[in-house]
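This report refers to the structure that appears directly beneath it.
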Amino acid sequence: MKPSWDQLAEEFEGSSVLVADVDCTVEKTLCERFEVRGYPTVKYFTAGTSKTGAAYEGGRSFDALKKFVEDELELKCSIENMEEGCSE
């Protein structure tokens, strides 16, 4: 999964989506705070999720991850780029 995750991070670099990874063997306190209990765990955070995020249960391939980000997480319209994805 790591290669797909790294590809996803590169794909969305500089966008409205932050893709990050955490090594829970090193960052134990952080992982406890966000209720990570198994590895790998994929969580996402939006205004609609709890403070500990929501578990991503979809496919782990790059294509599946990318589709989820595009459909559910990526902002389609922003002040910085009103020409793309914005309607009147």
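Each chain of the structure tokens is named A, B, ... in the order shown, its residues numbered from 1; ligands are numbered from 1 in display order.
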
Practice problem: Can you list, as an MDAnalysis selection string, all residues belonging to chain A that DSSP tags as strand (DSSP E or B)? | Solution: chainID A and resid 43:44 54:55 78 81

Practice problem: Tell me, as a VMD selection string, which residues lie within 10 Å of region 50-66 of chain A, counting only C-alpha atoms; anything in the same chain fewer than 2 positions away does not count. | Solution: chain A and resid 1 to 9 11 to 12 31 to 36 41 to 48 68 to 74

Quiz item: Can you list, as a PyMOL selection string, every residue of chain A that DSSP puts in helix (DSSP H, G or I)?
Solution: chain A and resi 2-11+28-33+62-73

Write a file of the selected residues as a short mmCIF file (atom, residue, chain, number, x, y, z; two decimals), in the first residue's frame, keeping N, CA and C atoms.
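Now in part_22.cif:
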data_model
loop_
_atom_site.label_atom_id
_atom_site.label_comp_id
_atom_site.auth_asym_id
_atom_site.auth_seq_id
_atom_site.Cartn_x
_atom_site.Cartn_y
_atom_site.Cartn_z
N LYS A 2 2.03 1.20 0.57
CA LYS A 2 2.89 2.38 0.68
C LYS A 2 3.17 3.04 -0.67
N PRO A 3 3.47 2.29 -1.73
CA PRO A 3 3.69 2.95 -3.02
C PRO A 3 2.45 3.70 -3.52
N SER A 4 1.28 3.12 -3.35
CA SER A 4 0.04 3.79 -3.77
C SER A 4 -0.19 5.05 -2.95
N TRP A 5 0.09 4.97 -1.65
CA TRP A 5 -0.09 6.11 -0.76
C TRP A 5 0.85 7.25 -1.14
N ASP A 6 2.09 6.91 -1.41
CA ASP A 6 3.07 7.93 -1.81
C ASP A 6 2.68 8.56 -3.14
N GLN A 7 2.17 7.76 -4.06
CA GLN A 7 1.71 8.27 -5.35
C GLN A 7 0.53 9.22 -5.15
N LEU A 8 -0.37 8.85 -4.25
CA LEU A 8 -1.53 9.70 -3.94
C LEU A 8 -1.07 11.04 -3.37
N ALA A 9 -0.12 11.00 -2.46
CA ALA A 9 0.41 12.24 -1.86
C ALA A 9 1.00 13.14 -2.94
N GLU A 10 1.71 12.55 -3.86
CA GLU A 10 2.31 13.32 -4.95
C GLU A 10 1.23 13.89 -5.87
N GLU A 11 0.22 13.09 -6.17
CA GLU A 11 -0.88 13.51 -7.05
C GLU A 11 -1.62 14.74 -6.51
N LYS A 28 3.55 7.09 18.92
CA LYS A 28 2.55 6.33 19.68
C LYS A 28 1.47 7.22 20.28
N THR A 29 1.84 8.34 20.84
CA THR A 29 0.87 9.24 21.46
C THR A 29 -0.11 9.79 20.43
N LEU A 30 0.40 10.18 19.29
CA LEU A 30 -0.46 10.70 18.22
C LEU A 30 -1.44 9.62 17.75
N CYS A 31 -0.96 8.42 17.58
CA CYS A 31 -1.82 7.33 17.11
C CYS A 31 -2.88 6.96 18.16
N GLU A 32 -2.52 7.02 19.41
CA GLU A 32 -3.52 6.78 20.47
C GLU A 32 -4.58 7.88 20.45
N ARG A 33 -4.15 9.10 20.27
CA ARG A 33 -5.07 10.25 20.24
C ARG A 33 -6.11 10.10 19.14
N PHE A 62 -4.01 2.67 -5.82
CA PHE A 62 -3.92 4.10 -6.13
C PHE A 62 -5.22 4.59 -6.76
N ASP A 63 -5.75 3.84 -7.72
CA ASP A 63 -6.97 4.28 -8.41
C ASP A 63 -8.15 4.41 -7.46
N ALA A 64 -8.30 3.46 -6.55
CA ALA A 64 -9.41 3.51 -5.58
C ALA A 64 -9.24 4.68 -4.62
N LEU A 65 -8.04 4.88 -4.13
CA LEU A 65 -7.76 6.00 -3.22
C LEU A 65 -7.99 7.34 -3.92
N LYS A 66 -7.51 7.45 -5.14
CA LYS A 66 -7.66 8.70 -5.91
C LYS A 66 -9.13 9.01 -6.14
N LYS A 67 -9.91 8.00 -6.52
CA LYS A 67 -11.34 8.21 -6.76
C LYS A 67 -12.03 8.70 -5.49
N PHE A 68 -11.70 8.10 -4.35
CA PHE A 68 -12.30 8.53 -3.09
C PHE A 68 -11.95 9.99 -2.80
N VAL A 69 -10.71 10.35 -2.96
CA VAL A 69 -10.29 11.73 -2.70
C VAL A 69 -11.01 12.69 -3.64
N GLU A 70 -11.06 12.36 -4.92
CA GLU A 70 -11.72 13.24 -5.88
C GLU A 70 -13.21 13.37 -5.60
N ASP A 71 -13.87 12.26 -5.26
CA ASP A 71 -15.31 12.26 -5.05
C ASP A 71 -15.74 12.83 -3.70
N GLU A 72 -14.92 12.60 -2.66
CA GLU A 72 -15.36 12.91 -1.30
C GLU A 72 -14.58 14.02 -0.58
N LEU A 73 -13.35 14.25 -0.96
CA LEU A 73 -12.51 15.14 -0.16
C LEU A 73 -12.02 16.40 -0.87
#

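The shortest atom-to-atom distance to Pro40 (chain A), with only C-alpha atoms taken into account, belongs to A:Asp21 out of A:Cys86, A:Asp21, A:Ile79, A:Glu27.
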
Quiz item: Please, what distance in Å, to one decimal, runs between CA of Val26 (chain A) and CA of Thr49 (chain A)?
Solution: 25.3 Å
